[in-house]
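Undergrad: Below you'll find the structure I mean.
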Amino acid sequence: MERMLDWLRSNEQRMLFWANRRPADGRVHSWLGRWLNTVTHMGGATFTLATALLYALIAPTPWSTTGWQCLAAVILSHLPVAIVKRKFKRLRPYQALQDVNTCHKPLQDSSFPSGHTTAIFAWLVPILLTASVGLTIIVPAAIIIGISVGWSRMYLGLHYPSDVAAGALIGTATAYAVNYFWIASTVPSV
């Protein structure tokens, strides 16, 4: 068991350093840095909660319902995140490893799981579940946004790959649960 944990730790660090590297080409580095420094904020509470509330209040049906589901999923998904962060006080990569590139004002709280990744997946999944028309546009955009937010957290030296994976899993599971219970509560009983 110990060998397997060492193997996982070693490979996770290797993947982190690969995601955290800065491209040698200045143009690629500049573009990638701008994109990841911008898209990371889509996983923040301000963006996910504000846009979900905006959908809920002003969008036509079924998107207003989707907005309420996004809002509920983002809020509910952060309950397990807060509990797990308190229980597993994992140092962030830039705190635990040398030579990790980081952002200007790095977060100090526990690394596991990624709250930004949790929020973006909790926000995206209800949108994907509603979007029966336009899937060819919405699905690729959602994949790009979800992966970019998760990748940005490693690029900025704030999370390990397992933090991001756990956040994506928590956000997705919470969004599916909200959707399931939302639909179950609106189906008339016979």
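Just so we're on the same page: first chain in the structure tokens is A, next is B, and so on; residues restart at 1 for each chain, and ligands are numbered from 1 in the order they show up.
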Counting only C-alpha atoms, what is within 10 Å of Phe112 in chain A, bar same-chain residues fewer than 2 positions away, as a PDB file with C-alpha atoms, in the first residue's frame?

TA:
```
ATOM      1  CA  VAL A  81     -15.672  21.399   0.501  1.00  0.00           C
ATOM      2  CA  ALA A  82     -15.576  23.392   3.752  1.00  0.00           C
ATOM      3  CA  VAL A  84     -13.022  18.420   3.899  1.00  0.00           C
ATOM      4  CA  LYS A  85     -10.734  21.481   3.861  1.00  0.00           C
ATOM      5  CA  ARG A  86     -10.939  21.640   7.677  1.00  0.00           C
ATOM      6  CA  LYS A  87     -10.319  17.913   8.086  1.00  0.00           C
ATOM      7  CA  PHE A  88      -7.470  17.530   5.557  1.00  0.00           C
ATOM      8  CA  LYS A  89      -5.158  20.465   6.053  1.00  0.00           C
ATOM      9  CA  ARG A  90      -3.130  19.914   2.890  1.00  0.00           C
ATOM     10  CA  LEU A  91      -0.538  22.551   2.047  1.00  0.00           C
ATOM     11  CA  ARG A  92      -0.903  24.153  -1.347  1.00  0.00           C
ATOM     12  CA  ASP A 109      -6.186  27.889   3.175  1.00  0.00           C
ATOM     13  CA  SER A 110      -6.106  24.135   2.650  1.00  0.00           C
ATOM     14  CA  SER A 114     -10.356  22.830  -5.144  1.00  0.00           C
ATOM     15  CA  GLY A 115     -13.282  25.130  -4.365  1.00  0.00           C
ATOM     16  CA  LEU A 158      -2.654  26.598  -5.957  1.00  0.00           C
ATOM     17  CA  HIS A 159      -3.829  22.980  -6.333  1.00  0.00           C
ATOM     18  CA  TYR A 160      -2.650  19.457  -7.044  1.00  0.00           C
ATOM     19  CA  PRO A 161      -4.352  17.349  -9.734  1.00  0.00           C
ATOM     20  CA  SER A 162      -6.188  15.348  -7.033  1.00  0.00           C
ATOM     21  CA  ASP A 163      -7.575  18.605  -5.555  1.00  0.00           C
ATOM     22  CA  VAL A 164      -8.964  19.516  -8.975  1.00  0.00           C
ATOM     23  CA  ALA A 165     -10.350  16.013  -9.620  1.00  0.00           C
ATOM     24  CA  ALA A 166     -12.049  15.937  -6.203  1.00  0.00           C
ATOM     25  CA  GLY A 167     -13.529  19.392  -6.824  1.00  0.00           C
TER      26      GLY A 167
END
```

Undergrad: Range 106-188 of chain A: which residues are alpha helix (DSSP H) by DSSP, as an mmCIF file with N, CA and C atoms, in the first residue's frame?

TA:
```cif
data_model
loop_
_atom_site.group_PDB
_atom_site.id
_atom_site.type_symbol
_atom_site.label_atom_id
_atom_site.label_comp_id
_atom_site.auth_asym_id
_atom_site.auth_seq_id
_atom_site.Cartn_x
_atom_site.Cartn_y
_atom_site.Cartn_z
ATOM 1 N N GLY A 115 -11.973 24.481 -4.424
ATOM 2 C CA GLY A 115 -13.282 25.130 -4.365
ATOM 3 C C GLY A 115 -13.684 25.750 -5.691
ATOM 4 N N HIS A 116 -12.703 26.320 -6.413
ATOM 5 C CA HIS A 116 -13.007 26.928 -7.718
ATOM 6 C C HIS A 116 -13.489 25.861 -8.708
ATOM 7 N N THR A 117 -12.820 24.710 -8.711
ATOM 8 C CA THR A 117 -13.217 23.640 -9.627
ATOM 9 C C THR A 117 -14.579 23.094 -9.222
ATOM 10 N N THR A 118 -14.806 22.958 -7.918
ATOM 11 C CA THR A 118 -16.113 22.513 -7.433
ATOM 12 C C THR A 118 -17.199 23.454 -7.938
ATOM 13 N N ALA A 119 -16.984 24.752 -7.764
ATOM 14 C CA ALA A 119 -17.993 25.746 -8.133
ATOM 15 C C ALA A 119 -18.281 25.735 -9.628
ATOM 16 N N ILE A 120 -17.248 25.665 -10.463
ATOM 17 C CA ILE A 120 -17.495 25.740 -11.904
ATOM 18 C C ILE A 120 -18.246 24.504 -12.397
ATOM 19 N N PHE A 121 -17.944 23.326 -11.835
ATOM 20 C CA PHE A 121 -18.667 22.122 -12.250
ATOM 21 C C PHE A 121 -20.092 22.118 -11.707
ATOM 22 N N ALA A 122 -20.289 22.607 -10.486
ATOM 23 C CA ALA A 122 -21.647 22.722 -9.930
ATOM 24 C C ALA A 122 -22.471 23.704 -10.756
ATOM 25 N N TRP A 123 -21.826 24.700 -11.317
ATOM 26 C CA TRP A 123 -22.482 25.717 -12.140
ATOM 27 C C TRP A 123 -22.731 25.212 -13.563
ATOM 28 N N LEU A 124 -21.782 24.468 -14.135
ATOM 29 C CA LEU A 124 -21.888 24.015 -15.527
ATOM 30 C C LEU A 124 -22.882 22.872 -15.728
ATOM 31 N N VAL A 125 -22.922 21.933 -14.811
ATOM 32 C CA VAL A 125 -23.732 20.731 -15.017
ATOM 33 C C VAL A 125 -25.221 21.039 -15.193
ATOM 34 N N PRO A 126 -25.846 21.891 -14.368
ATOM 35 C CA PRO A 126 -27.258 22.198 -14.646
ATOM 36 C C PRO A 126 -27.480 22.828 -16.028
ATOM 37 N N ILE A 127 -26.534 23.621 -16.472
ATOM 38 C CA ILE A 127 -26.640 24.220 -17.806
ATOM 39 C C ILE A 127 -26.602 23.123 -18.867
ATOM 40 N N LEU A 128 -25.695 22.183 -18.707
ATOM 41 C CA LEU A 128 -25.601 21.070 -19.668
ATOM 42 C C LEU A 128 -26.855 20.199 -19.637
ATOM 43 N N LEU A 129 -27.428 20.013 -18.465
ATOM 44 C CA LEU A 129 -28.635 19.182 -18.353
ATOM 45 C C LEU A 129 -29.861 19.858 -18.964
ATOM 46 N N THR A 130 -29.842 21.173 -19.068
ATOM 47 C CA THR A 130 -30.961 21.929 -19.645
ATOM 48 C C THR A 130 -30.815 22.085 -21.153
ATOM 49 N N LEU A 135 -26.556 21.847 -28.164
ATOM 50 C CA LEU A 135 -25.532 21.035 -27.494
ATOM 51 C C LEU A 135 -24.192 21.071 -28.212
ATOM 52 N N THR A 136 -24.215 21.200 -29.529
ATOM 53 C CA THR A 136 -22.954 21.196 -30.277
ATOM 54 C C THR A 136 -22.100 22.414 -29.941
ATOM 55 N N ILE A 137 -22.710 23.467 -29.450
ATOM 56 C CA ILE A 137 -21.960 24.654 -29.033
ATOM 57 C C ILE A 137 -21.716 24.638 -27.531
ATOM 58 N N ILE A 138 -22.751 24.304 -26.757
ATOM 59 C CA ILE A 138 -22.657 24.389 -25.296
ATOM 60 C C ILE A 138 -21.726 23.339 -24.707
ATOM 61 N N VAL A 139 -21.781 22.104 -25.183
ATOM 62 C CA VAL A 139 -20.932 21.052 -24.614
ATOM 63 C C VAL A 139 -19.445 21.360 -24.803
ATOM 64 N N PRO A 140 -18.979 21.685 -26.019
ATOM 65 C CA PRO A 140 -17.559 22.021 -26.148
ATOM 66 C C PRO A 140 -17.159 23.238 -25.299
ATOM 67 N N ALA A 141 -18.020 24.251 -25.249
ATOM 68 C CA ALA A 141 -17.710 25.434 -24.434
ATOM 69 C C ALA A 141 -17.616 25.065 -22.959
ATOM 70 N N ALA A 142 -18.537 24.225 -22.486
ATOM 71 C CA ALA A 142 -18.513 23.796 -21.085
ATOM 72 C C ALA A 142 -17.270 22.981 -20.777
ATOM 73 N N ILE A 143 -16.886 22.110 -21.693
ATOM 74 C CA ILE A 143 -15.676 21.302 -21.492
ATOM 75 C C ILE A 143 -14.448 22.210 -21.424
ATOM 76 N N ILE A 144 -14.361 23.163 -22.343
ATOM 77 C CA ILE A 144 -13.215 24.089 -22.349
ATOM 78 C C ILE A 144 -13.174 24.901 -21.058
ATOM 79 N N ILE A 145 -14.314 25.413 -20.624
ATOM 80 C CA ILE A 145 -14.346 26.222 -19.406
ATOM 81 C C ILE A 145 -14.014 25.375 -18.175
ATOM 82 N N GLY A 146 -14.652 24.217 -18.042
ATOM 83 C CA GLY A 146 -14.403 23.354 -16.879
ATOM 84 C C GLY A 146 -12.952 22.917 -16.776
ATOM 85 N N ILE A 147 -12.399 22.442 -17.887
ATOM 86 C CA ILE A 147 -11.004 22.006 -17.885
ATOM 87 C C ILE A 147 -10.067 23.189 -17.663
ATOM 88 N N SER A 148 -10.373 24.316 -18.262
ATOM 89 C CA SER A 148 -9.516 25.498 -18.105
ATOM 90 C C SER A 148 -9.472 25.989 -16.664
ATOM 91 N N VAL A 149 -10.621 26.008 -15.990
ATOM 92 C CA VAL A 149 -10.616 26.437 -14.581
ATOM 93 C C VAL A 149 -9.793 25.466 -13.746
ATOM 94 N N GLY A 150 -10.016 24.168 -13.930
ATOM 95 C CA GLY A 150 -9.229 23.174 -13.191
ATOM 96 C C GLY A 150 -7.743 23.293 -13.491
ATOM 97 N N TRP A 151 -7.413 23.440 -14.772
ATOM 98 C CA TRP A 151 -6.004 23.562 -15.184
ATOM 99 C C TRP A 151 -5.390 24.834 -14.601
ATOM 100 N N SER A 152 -6.167 25.914 -14.578
ATOM 101 C CA SER A 152 -5.650 27.192 -14.070
ATOM 102 C C SER A 152 -5.235 27.083 -12.615
ATOM 103 N N ARG A 153 -5.940 26.260 -11.858
ATOM 104 C CA ARG A 153 -5.622 26.125 -10.442
ATOM 105 C C ARG A 153 -4.248 25.464 -10.258
ATOM 106 N N MET A 154 -3.889 24.542 -11.170
ATOM 107 C CA MET A 154 -2.561 23.922 -11.128
ATOM 108 C C MET A 154 -1.524 24.867 -11.725
ATOM 109 N N TYR A 155 -1.877 25.541 -12.805
ATOM 110 C CA TYR A 155 -0.982 26.492 -13.469
ATOM 111 C C TYR A 155 -0.562 27.591 -12.498
ATOM 112 N N PRO A 161 -3.349 17.982 -8.871
ATOM 113 C CA PRO A 161 -4.352 17.349 -9.734
ATOM 114 C C PRO A 161 -5.470 16.658 -8.947
ATOM 115 N N SER A 162 -5.143 16.018 -7.820
ATOM 116 C CA SER A 162 -6.188 15.348 -7.033
ATOM 117 C C SER A 162 -7.149 16.346 -6.401
ATOM 118 N N ASP A 163 -6.684 17.549 -6.070
ATOM 119 C CA ASP A 163 -7.575 18.605 -5.555
ATOM 120 C C ASP A 163 -8.603 18.980 -6.618
ATOM 121 N N VAL A 164 -8.117 19.125 -7.846
ATOM 122 C CA VAL A 164 -8.964 19.516 -8.975
ATOM 123 C C VAL A 164 -9.951 18.395 -9.298
ATOM 124 N N ALA A 165 -9.473 17.154 -9.329
ATOM 125 C CA ALA A 165 -10.350 16.013 -9.620
ATOM 126 C C ALA A 165 -11.435 15.878 -8.554
ATOM 127 N N ALA A 166 -11.060 16.029 -7.292
ATOM 128 C CA ALA A 166 -12.049 15.937 -6.203
ATOM 129 C C ALA A 166 -13.068 17.067 -6.318
ATOM 130 N N GLY A 167 -12.609 18.277 -6.651
ATOM 131 C CA GLY A 167 -13.529 19.392 -6.824
ATOM 132 C C GLY A 167 -14.509 19.153 -7.958
ATOM 133 N N ALA A 168 -14.005 18.636 -9.083
ATOM 134 C CA ALA A 168 -14.884 18.341 -10.227
ATOM 135 C C ALA A 168 -15.916 17.285 -9.851
ATOM 136 N N LEU A 169 -15.496 16.289 -9.108
ATOM 137 C CA LEU A 169 -16.405 15.220 -8.679
ATOM 138 C C LEU A 169 -17.467 15.745 -7.715
ATOM 139 N N ILE A 170 -17.069 16.538 -6.729
ATOM 140 C CA ILE A 170 -18.022 17.096 -5.759
ATOM 141 C C ILE A 170 -19.015 18.019 -6.468
ATOM 142 N N GLY A 171 -18.515 18.904 -7.323
ATOM 143 C CA GLY A 171 -19.394 19.831 -8.035
ATOM 144 C C GLY A 171 -20.377 19.116 -8.937
ATOM 145 N N THR A 172 -19.899 18.133 -9.679
ATOM 146 C CA THR A 172 -20.753 17.367 -10.590
ATOM 147 C C THR A 172 -21.798 16.570 -9.820
ATOM 148 N N ALA A 173 -21.375 15.861 -8.778
ATOM 149 C CA ALA A 173 -22.303 15.048 -7.991
ATOM 150 C C ALA A 173 -23.371 15.916 -7.331
ATOM 151 N N THR A 174 -22.970 17.054 -6.806
ATOM 152 C CA THR A 174 -23.942 17.947 -6.166
ATOM 153 C C THR A 174 -24.940 18.477 -7.194
ATOM 154 N N ALA A 175 -24.459 18.864 -8.363
ATOM 155 C CA ALA A 175 -25.351 19.382 -9.401
ATOM 156 C C ALA A 175 -26.349 18.315 -9.856
ATOM 157 N N TYR A 176 -25.880 17.082 -10.025
ATOM 158 C CA TYR A 176 -26.796 16.001 -10.400
ATOM 159 C C TYR A 176 -27.819 15.747 -9.302
ATOM 160 N N ALA A 177 -27.395 15.784 -8.043
ATOM 161 C CA ALA A 177 -28.325 15.591 -6.928
ATOM 162 C C ALA A 177 -29.375 16.703 -6.886
ATOM 163 N N VAL A 178 -28.938 17.940 -7.060
ATOM 164 C CA VAL A 178 -29.882 19.069 -7.083
ATOM 165 C C VAL A 178 -30.877 18.881 -8.219
ATOM 166 N N ASN A 179 -30.385 18.528 -9.405
ATOM 167 C CA ASN A 179 -31.268 18.320 -10.556
ATOM 168 C C ASN A 179 -32.273 17.201 -10.278
ATOM 169 N N TYR A 180 -31.788 16.101 -9.726
ATOM 170 C CA TYR A 180 -32.656 14.956 -9.437
ATOM 171 C C TYR A 180 -33.759 15.343 -8.456
ATOM 172 N N PHE A 181 -33.378 15.973 -7.340
ATOM 173 C CA PHE A 181 -34.378 16.337 -6.331
ATOM 174 C C PHE A 181 -35.293 17.458 -6.808
ATOM 175 N N TRP A 182 -34.778 18.324 -7.661
ATOM 176 C CA TRP A 182 -35.605 19.393 -8.231
ATOM 177 C C TRP A 182 -36.720 18.794 -9.084
ATOM 178 N N ILE A 183 -36.328 17.857 -9.948
ATOM 179 C CA ILE A 183 -37.297 17.208 -10.828
ATOM 180 C C ILE A 183 -38.272 16.358 -9.994
ATOM 181 N N ALA A 184 -37.750 15.632 -9.016
ATOM 182 C CA ALA A 184 -38.605 14.780 -8.175
ATOM 183 C C ALA A 184 -39.627 15.613 -7.404
ATOM 184 N N SER A 185 -39.244 16.831 -7.015
ATOM 185 C CA SER A 185 -40.172 17.668 -6.244
ATOM 186 C C SER A 185 -41.228 18.331 -7.115
ATOM 187 N N THR A 186 -41.010 18.364 -8.426
ATOM 188 C CA THR A 186 -41.987 19.005 -9.314
ATOM 189 C C THR A 186 -42.895 18.010 -10.034
#
```

Undergrad: Within 12 Å of range 1-15 of chain A, which residues of range 30-122 of chain A show up? Give each one with its shortest atom-to-atom distance in Å (one decimal) and the two atoms involved, counting only C-alpha atoms, rows by chain then rising residue number, as JSON lines.

TA:
```
{"residue": "A:Arg92", "atom": "CA", "partner": "A:Gln13", "partner_atom": "CA", "distance": 11.8}
{"residue": "A:Pro93", "atom": "CA", "partner": "A:Gln13", "partner_atom": "CA", "distance": 8.7}
{"residue": "A:Tyr94", "atom": "CA", "partner": "A:Gln13", "partner_atom": "CA", "distance": 11.5}
{"residue": "A:Ala96", "atom": "CA", "partner": "A:Gln13", "partner_atom": "CA", "distance": 10.7}
{"residue": "A:Leu97", "atom": "CA", "partner": "A:Gln13", "partner_atom": "CA", "distance": 8.9}
{"residue": "A:Gln98", "atom": "CA", "partner": "A:Gln13", "partner_atom": "CA", "distance": 11.1}
{"residue": "A:Asp99", "atom": "CA", "partner": "A:Gln13", "partner_atom": "CA", "distance": 11.7}
{"residue": "A:Val100", "atom": "CA", "partner": "A:Gln13", "partner_atom": "CA", "distance": 10.3}
```

Undergrad: Selected residues, N, CA, C and O atoms, written as a PDB file, in the first residue's frame, please.

TA:
```
ATOM      1  N   ARG A  92      -0.812  23.901   0.092  1.00  0.00           N
ATOM      2  CA  ARG A  92      -0.903  24.153  -1.347  1.00  0.00           C
ATOM      3  C   ARG A  92       0.449  23.836  -1.981  1.00  0.00           C
ATOM      4  O   ARG A  92       1.479  23.902  -1.313  1.00  0.00           O
ATOM      5  N   PRO A  93       0.457  23.514  -3.281  1.00  0.00           N
ATOM      6  CA  PRO A  93       1.721  23.139  -3.932  1.00  0.00           C
ATOM      7  C   PRO A  93       2.846  24.158  -3.746  1.00  0.00           C
ATOM      8  O   PRO A  93       3.984  23.788  -3.459  1.00  0.00           O
ATOM      9  N   TYR A  94       2.534  25.452  -3.889  1.00  0.00           N
ATOM     10  CA  TYR A  94       3.582  26.465  -3.761  1.00  0.00           C
ATOM     11  C   TYR A  94       4.132  26.519  -2.326  1.00  0.00           C
ATOM     12  O   TYR A  94       5.256  26.979  -2.110  1.00  0.00           O
ATOM     13  N   ALA A  96       4.373  23.679  -0.352  1.00  0.00           N
ATOM     14  CA  ALA A  96       4.999  22.397  -0.028  1.00  0.00           C
ATOM     15  C   ALA A  96       6.162  22.018  -0.940  1.00  0.00           C
ATOM     16  O   ALA A  96       7.015  21.224  -0.541  1.00  0.00           O
ATOM     17  N   LEU A  97       6.200  22.571  -2.135  1.00  0.00           N
ATOM     18  CA  LEU A  97       7.206  22.167  -3.120  1.00  0.00           C
ATOM     19  C   LEU A  97       8.027  23.367  -3.578  1.00  0.00           C
ATOM     20  O   LEU A  97       7.510  24.480  -3.652  1.00  0.00           O
ATOM     21  N   GLN A  98       9.265  23.107  -3.905  1.00  0.00           N
ATOM     22  CA  GLN A  98      10.113  24.169  -4.448  1.00  0.00           C
ATOM     23  C   GLN A  98       9.860  24.309  -5.945  1.00  0.00           C
ATOM     24  O   GLN A  98       9.445  23.377  -6.609  1.00  0.00           O
ATOM     25  N   ASP A  99      10.146  25.505  -6.447  1.00  0.00           N
ATOM     26  CA  ASP A  99      10.086  25.801  -7.880  1.00  0.00           C
ATOM     27  C   ASP A  99       8.684  25.725  -8.480  1.00  0.00           C
ATOM     28  O   ASP A  99       8.533  25.450  -9.672  1.00  0.00           O
ATOM     29  N   VAL A 100       7.665  25.949  -7.673  1.00  0.00           N
ATOM     30  CA  VAL A 100       6.305  25.996  -8.196  1.00  0.00           C
ATOM     31  C   VAL A 100       5.981  27.450  -8.509  1.00  0.00           C
ATOM     32  O   VAL A 100       6.140  28.331  -7.668  1.00  0.00           O
TER      33      VAL A 100
END
```

Undergrad: Which residue out of A:Ser77, A:Ser30, A:Thr46, A:Asn37 has the minimum interatomic distance to Lys105 in chain A when only C-alpha atoms are used?

TA: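 Closest to Lys105 in chain A, using only C-alpha atoms: A:Asn37.
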
Undergrad: Calculate how many Å separate CA of Gly157 in chain A from CA of Gly33 in chain A, rounding to one decimal.

TA: 12.5 Å
